[in-house]
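Dropping upload.csv in here (CSV, C-alpha atoms):
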```csv
chain,number,residue,atom,x,y,z
A,1,ALA,CA,0.2,48.2,9.6
A,2,THR,CA,-1.2,51.0,11.9
A,3,LEU,CA,1.8,53.2,11.3
A,4,VAL,CA,1.3,52.8,7.5
A,5,ALA,CA,-2.4,53.3,7.6
A,6,THR,CA,-2.2,56.5,9.7
A,7,GLY,CA,0.5,57.9,7.4
A,8,HIS,CA,3.3,58.0,10.0
A,9,THR,CA,5.3,55.6,7.8
A,10,LYS,CA,5.3,55.6,4.0
A,11,LEU,CA,6.2,52.5,2.0
A,12,GLU,CA,9.0,53.6,-0.3
A,13,ARG,CA,9.0,50.3,-2.1
A,14,ARG,CA,6.0,48.5,-3.5
A,15,MET,CA,6.2,44.7,-3.6
A,16,THR,CA,4.4,42.4,-6.0
A,17,PHE,CA,2.8,39.2,-4.7
A,18,GLY,CA,5.3,37.0,-6.5
A,19,LEU,CA,8.3,38.9,-5.0
A,20,TRP,CA,6.7,38.7,-1.6
A,21,LEU,CA,6.1,35.0,-2.0
A,22,ARG,CA,9.8,34.4,-2.9
A,23,ASN,CA,11.5,36.7,-0.5
A,24,ILE,CA,9.2,37.3,2.5
A,25,PHE,CA,7.0,34.2,2.8
A,26,PRO,CA,9.9,31.9,3.7
A,27,ILE,CA,10.8,34.2,6.6
A,28,GLY,CA,7.4,33.4,8.2
A,29,PHE,CA,8.1,29.7,7.8
A,30,PHE,CA,11.5,29.8,9.4
A,31,THR,CA,10.2,32.1,12.1
A,32,ALA,CA,7.6,29.6,13.1
A,33,ILE,CA,10.1,26.7,13.1
A,34,THR,CA,12.5,28.8,15.3
A,35,TYR,CA,9.8,29.6,17.9
A,36,ALA,CA,8.4,26.1,18.0
A,37,THR,CA,11.7,24.3,18.4
A,38,GLY,CA,13.1,27.0,20.7
A,39,ASN,CA,10.2,26.5,23.2
A,40,GLU,CA,10.2,22.7,23.0
A,41,LEU,CA,14.0,22.6,23.8
A,42,TYR,CA,13.4,23.5,27.4
A,43,MET,CA,11.6,20.2,27.9
A,44,PHE,CA,14.8,18.2,27.2
A,45,LEU,CA,17.8,20.3,28.0
A,46,SER,CA,18.8,22.7,30.8
A,47,VAL,CA,18.6,26.4,30.3
A,48,SER,CA,22.4,26.9,30.7
A,49,PHE,CA,23.3,24.2,28.3
A,50,ILE,CA,20.9,25.6,25.7
A,51,GLN,CA,22.6,29.0,25.9
A,52,MET,CA,26.0,27.3,25.5
A,53,MET,CA,24.8,25.5,22.4
A,54,LYS,CA,23.4,28.8,21.0
A,55,SER,CA,27.0,30.0,20.9
A,56,LEU,CA,27.4,27.9,17.8
A,57,SER,CA,24.7,29.8,15.9
A,58,PRO,CA,27.3,32.2,14.3
A,59,ILE,CA,28.8,29.2,12.6
A,60,VAL,CA,25.5,28.2,11.0
A,61,VAL,CA,24.8,31.8,10.0
A,62,LEU,CA,28.3,32.2,8.5
A,63,PHE,CA,27.9,29.0,6.5
A,64,LEU,CA,24.6,30.1,5.0
A,65,LEU,CA,25.9,33.6,4.3
A,66,VAL,CA,28.8,32.1,2.4
A,67,LEU,CA,26.5,29.6,0.7
A,68,PHE,CA,24.2,32.4,-0.5
A,69,ARG,CA,27.1,34.6,-1.4
A,70,LEU,CA,26.3,37.3,1.1
A,71,ASP,CA,29.6,37.0,2.9
A,72,VAL,CA,33.2,35.7,2.2
A,73,LEU,CA,34.9,33.0,4.2
A,74,THR,CA,38.4,34.1,5.3
A,75,ARG,CA,41.1,32.2,7.1
A,76,GLU,CA,40.4,34.1,10.3
A,77,LYS,CA,36.7,33.2,10.2
A,78,LEU,CA,37.5,29.6,9.5
A,79,ALA,CA,39.9,29.5,12.4
A,80,GLY,CA,37.2,31.0,14.6
A,81,VAL,CA,34.7,28.4,13.5
A,82,LEU,CA,37.1,25.5,14.3
A,83,ILE,CA,37.9,26.9,17.8
A,84,MET,CA,34.2,27.4,18.6
A,85,SER,CA,33.4,23.8,17.5
A,86,VAL,CA,36.2,22.3,19.7
A,87,GLY,CA,34.9,24.3,22.7
A,88,MET,CA,31.3,23.0,22.3
A,89,ILE,CA,32.5,19.4,21.8
A,90,ILE,CA,34.3,19.7,25.2
A,91,ALA,CA,31.2,21.1,26.8
A,92,CYS,CA,28.8,18.5,25.4
A,93,PHE,CA,30.8,15.6,26.7
A,94,ASP,CA,30.0,16.6,30.3
A,95,GLU,CA,26.4,17.6,30.1
A,96,PRO,CA,24.2,15.6,32.6
A,97,THR,CA,20.9,16.4,30.8
A,98,PHE,CA,22.2,15.5,27.3
A,99,SER,CA,19.4,14.4,25.1
A,100,LEU,CA,19.7,13.4,21.4
A,101,TRP,CA,16.1,14.6,20.7
A,102,GLY,CA,16.9,17.9,22.4
A,103,ILE,CA,20.1,18.3,20.3
A,104,ALA,CA,18.1,17.5,17.2
A,105,LEU,CA,15.6,20.2,18.1
A,106,MET,CA,18.5,22.6,18.7
A,107,VAL,CA,20.0,21.9,15.3
A,108,VAL,CA,16.7,22.4,13.5
A,109,GLY,CA,16.0,25.6,15.4
A,110,GLU,CA,19.4,27.1,14.8
A,111,ALA,CA,19.3,26.2,11.1
A,112,ALA,CA,15.9,27.8,10.8
A,113,GLU,CA,17.0,30.9,12.7
A,114,ALA,CA,20.1,31.2,10.5
A,115,MET,CA,18.0,31.0,7.4
A,116,ARG,CA,15.7,33.6,8.8
A,117,MET,CA,18.7,35.9,9.5
A,118,VAL,CA,19.9,35.4,5.9
A,119,PHE,CA,16.6,36.3,4.4
A,120,PHE,CA,16.4,39.4,6.7
A,121,GLN,CA,19.8,40.5,5.7
A,122,HIS,CA,18.9,40.1,2.0
A,123,LEU,CA,15.7,42.1,2.6
A,124,LEU,CA,17.2,44.9,4.7
A,125,GLY,CA,20.7,45.0,3.2
A,126,GLN,CA,20.7,44.3,-0.5
A,127,GLN,CA,17.1,45.5,-1.2
A,128,GLN,CA,17.4,48.4,1.3
A,129,PHE,CA,14.0,48.1,3.0
A,130,GLY,CA,13.4,50.2,6.1
A,131,LEU,CA,12.7,48.7,9.5
A,132,ILE,CA,9.0,49.4,9.6
A,133,GLU,CA,8.7,48.4,5.9
A,134,GLY,CA,10.4,45.1,6.7
A,135,LEU,CA,8.0,44.4,9.6
A,136,PHE,CA,5.0,45.5,7.5
A,137,TYR,CA,5.8,42.8,4.8
A,138,THR,CA,7.1,40.0,7.1
A,139,CYS,CA,4.5,40.1,9.9
A,140,PRO,CA,1.6,38.6,7.8
A,141,ALA,CA,3.9,35.7,6.8
A,142,ASN,CA,4.9,35.1,10.4
A,143,PHE,CA,1.2,35.2,11.5
A,144,PHE,CA,0.2,32.8,8.8
A,145,PHE,CA,2.7,30.1,9.8
A,146,LEU,CA,2.3,30.6,13.5
A,147,CYS,CA,-1.5,30.1,13.1
A,148,ILE,CA,-0.9,26.9,11.3
A,149,GLY,CA,1.3,25.7,14.1
A,150,ILE,CA,-1.2,26.6,16.7
A,151,ALA,CA,-4.1,25.0,14.8
A,152,VAL,CA,-2.1,21.7,14.4
A,153,PHE,CA,-0.4,21.4,17.8
A,154,GLU,CA,-2.1,23.6,20.4
A,155,GLU,CA,-5.7,24.2,19.3
A,156,LYS,CA,-7.1,21.8,21.9
A,157,SER,CA,-5.3,23.2,24.9
A,158,LEU,CA,-5.8,26.8,23.7
A,159,THR,CA,-9.6,26.4,23.6
A,160,GLN,CA,-9.9,24.8,27.1
A,161,PRO,CA,-11.9,27.2,29.3
A,162,GLU,CA,-9.2,27.4,32.1
A,163,ASN,CA,-6.5,28.4,29.6
A,164,TYR,CA,-8.7,30.9,27.8
A,165,ASN,CA,-10.0,32.5,31.0
A,166,ARG,CA,-6.4,32.9,32.2
A,167,VAL,CA,-5.7,35.3,29.4
A,168,VAL,CA,-9.1,37.1,29.6
A,169,ASN,CA,-8.9,37.6,33.4
A,170,ASN,CA,-5.4,38.9,33.4
A,171,PRO,CA,-4.5,40.3,30.0
A,172,LEU,CA,-1.8,42.8,31.1
A,173,PRO,CA,1.2,40.4,31.2
A,174,TYR,CA,0.3,39.3,27.7
A,175,VAL,CA,0.0,42.8,26.4
A,176,VAL,CA,3.4,43.7,28.0
A,177,VAL,CA,5.1,40.7,26.5
A,178,SER,CA,3.6,41.5,23.1
A,179,CYS,CA,5.0,45.1,23.3
A,180,MET,CA,8.4,43.8,24.4
A,181,GLY,CA,8.4,41.3,21.5
A,182,PHE,CA,7.7,44.1,19.1
A,183,GLY,CA,10.6,46.0,20.5
A,184,VAL,CA,12.9,43.0,20.2
A,185,ILE,CA,12.0,42.4,16.6
A,186,LEU,CA,12.4,46.0,15.7
A,187,THR,CA,15.9,46.3,17.3
A,188,THR,CA,16.9,43.0,15.8
A,189,LEU,CA,16.1,44.2,12.3
A,190,GLY,CA,18.0,47.5,13.1
A,191,VAL,CA,21.1,45.6,14.1
A,192,ILE,CA,20.9,43.3,11.1
A,193,GLN,CA,20.5,46.3,8.7
A,194,THR,CA,23.4,48.2,10.3
A,195,CYS,CA,25.9,45.5,11.1
A,196,GLY,CA,24.7,42.3,9.4
A,197,SER,CA,23.2,39.0,10.7
A,198,LEU,CA,26.6,37.5,11.6
A,199,THR,CA,27.5,40.4,13.9
A,200,PHE,CA,24.0,40.2,15.5
A,201,LYS,CA,24.4,36.5,16.3
A,202,ALA,CA,28.0,37.1,17.6
A,203,ALA,CA,26.9,40.0,19.9
A,204,GLY,CA,24.1,37.8,21.2
A,205,GLN,CA,26.6,35.7,23.0
A,206,VAL,CA,27.0,38.4,25.6
A,207,ARG,CA,23.3,37.9,26.4
A,208,ASN,CA,23.7,34.1,26.5
A,209,VAL,CA,26.5,34.5,29.1
A,210,GLY,CA,24.2,36.5,31.3
A,211,ILE,CA,21.4,33.9,31.0
A,212,VAL,CA,23.8,31.1,31.9
A,213,PHE,CA,24.9,33.0,35.0
A,214,ILE,CA,21.3,33.7,36.1
A,215,SER,CA,20.3,30.0,35.5
A,216,ILE,CA,23.1,28.9,37.8
A,217,VAL,CA,22.4,31.4,40.6
A,218,MET,CA,18.6,31.5,40.5
A,219,PHE,CA,17.5,28.1,39.1
A,220,GLY,CA,20.2,25.9,40.3
A,221,ASP,CA,21.5,24.7,37.0
A,222,VAL,CA,24.7,22.6,37.3
A,223,VAL,CA,27.6,23.6,35.1
A,224,THR,CA,30.7,21.5,35.5
A,225,ALA,CA,34.3,22.8,35.2
A,226,GLN,CA,34.7,21.0,31.9
A,227,GLN,CA,31.6,22.6,30.5
A,228,ALA,CA,32.8,26.1,31.7
A,229,CYS,CA,36.1,25.5,30.1
A,230,GLY,CA,34.6,24.4,26.8
A,231,TYR,CA,32.2,27.4,26.8
A,232,ALA,CA,35.1,29.8,27.5
A,233,ILE,CA,37.0,28.4,24.6
A,234,ASN,CA,34.0,28.8,22.4
A,235,LEU,CA,33.5,32.5,23.4
A,236,VAL,CA,37.2,33.4,22.9
```
Let me see whether you can do it: turn the structure in this file into structure tokens.
Amino acid sequence: ATLVATGHTKLERRMTFGLWLRNIFPIGFFTAITYATGNELYMFLSVSFIQMMKSLSPIVVLFLLVLFRLDVLTREKLAGVLIMSVGMIIACFDEPTFSLWGIALMVVGEAAEAMRMVFFQHLLGQQQFGLIEGLFYTCPANFFFLCIGIAVFEEKSLTQPENYNRVVNNPLPYVVVSCMGFGVILTTLGVIQTCGSLTFKAAGQVRNVGIVFISIVMFGDVVTAQQACGYAINLV
């Protein structure tokens, strides 16, 4: 909004409220669901297992892209989906922290993330919105639904003096995280616009491998040989 207000970025496309409600407003809803379930996951599943499960996200994205006629399902893609599914089934059978509630949160979160990616690809690809334009129109929707979630689930803890003072007395980490979050969102939109949401989710598996490795080395997460084998099949 600041870039638009100061004239550094010009909105090349004007959007009516009805069009915004149909195409942008759902992005805010799915973003809030993704963030909420993604944070809650770590209460029930290990970090390494969560990253392994996230390797299935390209399957969900591909299914929705085909469903909304934004991509075509080929034999090669179908074979890849089947191989990835087999790999994750092998990994799940040997997970010591396996939790049905955690898996349910994972499924809901990945479905919401996939829907978010599909809407973003439609916005940036088919409608040819720029990156800053996309952020300008989507951020209010994200803010609206995140505020609802905070008011319903976290209002009590947020207003407690000790939690409020923690932010006031040491604001720098929160400012840094906010700036980094902006960078992540901007680069995410750039990749989706350039390569598509399916490529973005597939490339994200490299990051997940790094997180699994760090979780094992630094946090002592246990990954069995069977899990490693299943995860390797999934990645291949």
* Would you mind telling me which residue in A:Leu158, A:Met106, A:Leu78, A:Leu189 lies nearest to Phe49 (chain A) when using all atoms listed in the file? => A:Met106
* **Closest of A:Ala112, A:Ala151, A:Ala232, A:Leu62 to Met84 (chain A) - atom-to-atom distances counting all atoms listed in the file** =>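 The answer is A:Ala232, which sits nearest to Met84 (chain A).
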* To do: Could you give me, as a ChimeraX atom specification, the residues within 7 Å of Asp221 (chain A), counting all atoms listed in the file and dropping anything in the same chain fewer than 5 positions from it?
  => /A:48,215-216
* Asked: Which of these residues is nearest to Leu82 (chain A), using all atoms listed in the file: A:Ile103, A:Leu146, A:Ile59, A:Val167?
  ->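 Result for the nearest residue to Leu82 (chain A): A:Ile59.
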* Quick one: pull the distance between CA of Gly80 (chain A) and CA of Phe68 (chain A), Å, one decimal. =>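 Distance between the two atoms: 20.0 Å.
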* To do: Select all residues near (9.8, 46.3, 12.6) (cut-off 9 Å, inclusive, file coordinates), counting only C-alpha atoms, and output them as a list of chain:residue names.
  => A:Gly130, A:Leu131, A:Ile132, A:Glu133, A:Gly134, A:Leu135, A:Phe136, A:Thr138, A:Cys139, A:Phe182, A:Gly183, A:Val184, A:Ile185, A:Leu186, A:Thr187, A:Thr188, A:Leu189, A:Gly190
Fewer than 3 positions away in the same chain doesn't count, so skip those; otherwise give me all residues within 12 Å of Gly109 (chain A), counting all atoms listed in the file, as a short mmCIF file (atom, residue, chain, number, x, y, z; two decimals) with C-alpha atoms, keeping the file's coordinate frame.
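Below you can see selection-v3.cif, which holds the result:
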```cif
data_model
loop_
_atom_site.label_atom_id
_atom_site.label_comp_id
_atom_site.auth_asym_id
_atom_site.auth_seq_id
_atom_site.Cartn_x
_atom_site.Cartn_y
_atom_site.Cartn_z
CA PHE A 29 8.10 29.70 7.80
CA PHE A 30 11.50 29.80 9.40
CA THR A 31 10.20 32.10 12.10
CA ALA A 32 7.60 29.60 13.10
CA ILE A 33 10.10 26.70 13.10
CA THR A 34 12.50 28.80 15.30
CA TYR A 35 9.80 29.60 17.90
CA ALA A 36 8.40 26.10 18.00
CA THR A 37 11.70 24.30 18.40
CA GLY A 38 13.10 27.00 20.70
CA ASN A 39 10.20 26.50 23.20
CA GLU A 40 10.20 22.70 23.00
CA LEU A 41 14.00 22.60 23.80
CA ILE A 50 20.90 25.60 25.70
CA MET A 53 24.80 25.50 22.40
CA LYS A 54 23.40 28.80 21.00
CA LEU A 56 27.40 27.90 17.80
CA SER A 57 24.70 29.80 15.90
CA VAL A 60 25.50 28.20 11.00
CA GLY A 102 16.90 17.90 22.40
CA ILE A 103 20.10 18.30 20.30
CA ALA A 104 18.10 17.50 17.20
CA LEU A 105 15.60 20.20 18.10
CA MET A 106 18.50 22.60 18.70
CA ALA A 112 15.90 27.80 10.80
CA GLU A 113 17.00 30.90 12.70
CA ALA A 114 20.10 31.20 10.50
CA MET A 115 18.00 31.00 7.40
CA ARG A 116 15.70 33.60 8.80
#
```
* Between CA of Phe143 (chain A) and CA of Arg69 (chain A) - distance in Å to one decimal ->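 Computing it gives 28.9 Å between the two atoms.
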* When you draw a straight line from CA of Phe129 (chain A) to CA of Gly181 (chain A), how long is it in Å? ->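 Going from CA of Phe129 (chain A) over to CA of Gly181 (chain A), I get 20.5 Å.
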* Closest to Met43 (chain A) among A:Asn165, A:Thr16, A:Ser99, A:Ser157, using all atoms listed in the file? ->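 Ranking A:Asn165, A:Thr16, A:Ser99, A:Ser157 by distance to Met43 (chain A), first place goes to A:Ser99.
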* Asked: From the list A:Asn170, A:Ile27, A:Gln51, A:Gly18, which residue is nearest Ile211 (chain A) when using all atoms listed in the file?
  ->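 The shortest atom-to-atom distance to Ile211 (chain A) comes from A:Gln51.
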* Among the residues A:Ile83, A:Val168, A:Cys179, A:Trp101, the one that comes closest to Phe44 (chain A) [using only C-alpha atoms] -> A:Trp101
Your completed region 65-76 of chain A with all heavy atoms, as a tab-separated table (two decimals), keeping the file's coordinate frame:
```tsv
chain	number	residue	atom	x	y	z
A	65	LEU	N	25.51	32.36	4.97
A	65	LEU	CA	25.90	33.60	4.30
A	65	LEU	C	26.84	33.35	3.17
A	65	LEU	O	26.73	33.93	2.08
A	65	LEU	CB	26.45	34.60	5.29
A	65	LEU	CG	25.48	35.24	6.29
A	65	LEU	CD1	26.24	36.09	7.30
A	65	LEU	CD2	24.43	36.08	5.58
A	66	VAL	N	27.82	32.49	3.42
A	66	VAL	CA	28.80	32.10	2.40
A	66	VAL	C	28.09	31.36	1.26
A	66	VAL	O	28.34	31.59	0.07
A	66	VAL	CB	29.94	31.33	2.97
A	66	VAL	CG1	30.86	30.81	1.86
A	66	VAL	CG2	30.74	32.19	3.95
A	67	LEU	N	27.19	30.45	1.65
A	67	LEU	CA	26.50	29.60	0.70
A	67	LEU	C	25.65	30.50	-0.28
A	67	LEU	O	25.61	30.26	-1.49
A	67	LEU	CB	25.58	28.62	1.38
A	67	LEU	CG	24.79	27.64	0.49
A	67	LEU	CD1	25.74	26.73	-0.27
A	67	LEU	CD2	23.83	26.81	1.34
A	68	PHE	N	25.00	31.54	0.28
A	68	PHE	CA	24.20	32.40	-0.50
A	68	PHE	C	24.93	33.65	-1.07
A	68	PHE	O	24.33	34.59	-1.57
A	68	PHE	CB	22.95	32.90	0.29
A	68	PHE	CG	21.91	31.84	0.51
A	68	PHE	CD1	21.89	31.08	1.67
A	68	PHE	CD2	20.95	31.58	-0.46
A	68	PHE	CE1	20.93	30.11	1.87
A	68	PHE	CE2	19.99	30.61	-0.28
A	68	PHE	CZ	19.98	29.87	0.89
A	69	ARG	N	26.26	33.61	-0.90
A	69	ARG	CA	27.10	34.60	-1.40
A	69	ARG	C	26.84	36.03	-0.86
A	69	ARG	O	26.94	37.03	-1.55
A	69	ARG	CB	27.08	34.69	-2.96
A	69	ARG	CG	27.53	33.38	-3.61
A	69	ARG	CD	27.49	33.47	-5.12
A	69	ARG	NE	27.92	32.21	-5.73
A	69	ARG	CZ	27.96	31.98	-7.04
A	69	ARG	NH1	27.59	32.95	-7.88
A	69	ARG	NH2	28.36	30.82	-7.51
A	70	LEU	N	26.48	36.04	0.43
A	70	LEU	CA	26.30	37.30	1.10
A	70	LEU	C	27.45	37.64	2.03
A	70	LEU	O	27.49	38.71	2.64
A	70	LEU	CB	25.00	37.22	1.98
A	70	LEU	CG	23.69	37.03	1.21
A	70	LEU	CD1	22.53	36.83	2.17
A	70	LEU	CD2	23.42	38.23	0.31
A	71	ASP	N	28.43	36.74	2.12
A	71	ASP	CA	29.60	37.00	2.90
A	71	ASP	C	30.77	36.13	2.29
A	71	ASP	O	30.52	35.25	1.45
A	71	ASP	CB	29.42	36.60	4.37
A	71	ASP	CG	30.39	37.30	5.29
A	71	ASP	OD1	31.42	37.81	4.80
A	71	ASP	OD2	30.12	37.36	6.52
A	72	VAL	N	31.99	36.42	2.71
A	72	VAL	CA	33.20	35.70	2.20
A	72	VAL	C	33.86	35.01	3.35
A	72	VAL	O	34.06	35.60	4.43
A	72	VAL	CB	34.15	36.71	1.52
A	72	VAL	CG1	35.39	35.98	1.03
A	72	VAL	CG2	33.47	37.44	0.37
A	73	LEU	N	34.21	33.75	3.15
A	73	LEU	CA	34.90	33.00	4.20
A	73	LEU	C	36.39	33.24	4.11
A	73	LEU	O	37.04	32.96	3.11
A	73	LEU	CB	34.61	31.47	3.97
A	73	LEU	CG	35.25	30.52	5.00
A	73	LEU	CD1	34.68	30.79	6.38
A	73	LEU	CD2	35.01	29.07	4.60
A	74	THR	N	36.94	33.80	5.18
A	74	THR	CA	38.40	34.10	5.30
A	74	THR	C	39.04	33.08	6.20
A	74	THR	O	38.37	32.32	6.91
A	74	THR	CB	38.60	35.50	5.78
A	74	THR	OG1	38.07	35.60	7.13
A	74	THR	CG2	37.90	36.54	4.90
A	75	ARG	N	40.36	33.09	6.22
A	75	ARG	CA	41.10	32.20	7.10
A	75	ARG	C	40.80	32.48	8.56
A	75	ARG	O	40.68	31.56	9.38
A	75	ARG	CB	42.59	32.30	6.84
A	75	ARG	CG	43.03	31.76	5.47
A	75	ARG	CD	44.53	31.87	5.32
A	75	ARG	NE	44.97	31.32	4.04
A	75	ARG	CZ	46.25	31.29	3.63
A	75	ARG	NH1	47.20	31.78	4.42
A	75	ARG	NH2	46.54	30.79	2.45
A	76	GLU	N	40.68	33.76	8.89
A	76	GLU	CA	40.40	34.10	10.30
A	76	GLU	C	39.03	33.61	10.71
A	76	GLU	O	38.88	33.08	11.82
A	76	GLU	CB	40.45	35.66	10.42
A	76	GLU	CG	41.84	36.26	10.27
A	76	GLU	CD	42.26	36.40	8.81
A	76	GLU	OE1	41.40	36.17	7.92
A	76	GLU	OE2	43.44	36.72	8.57
```
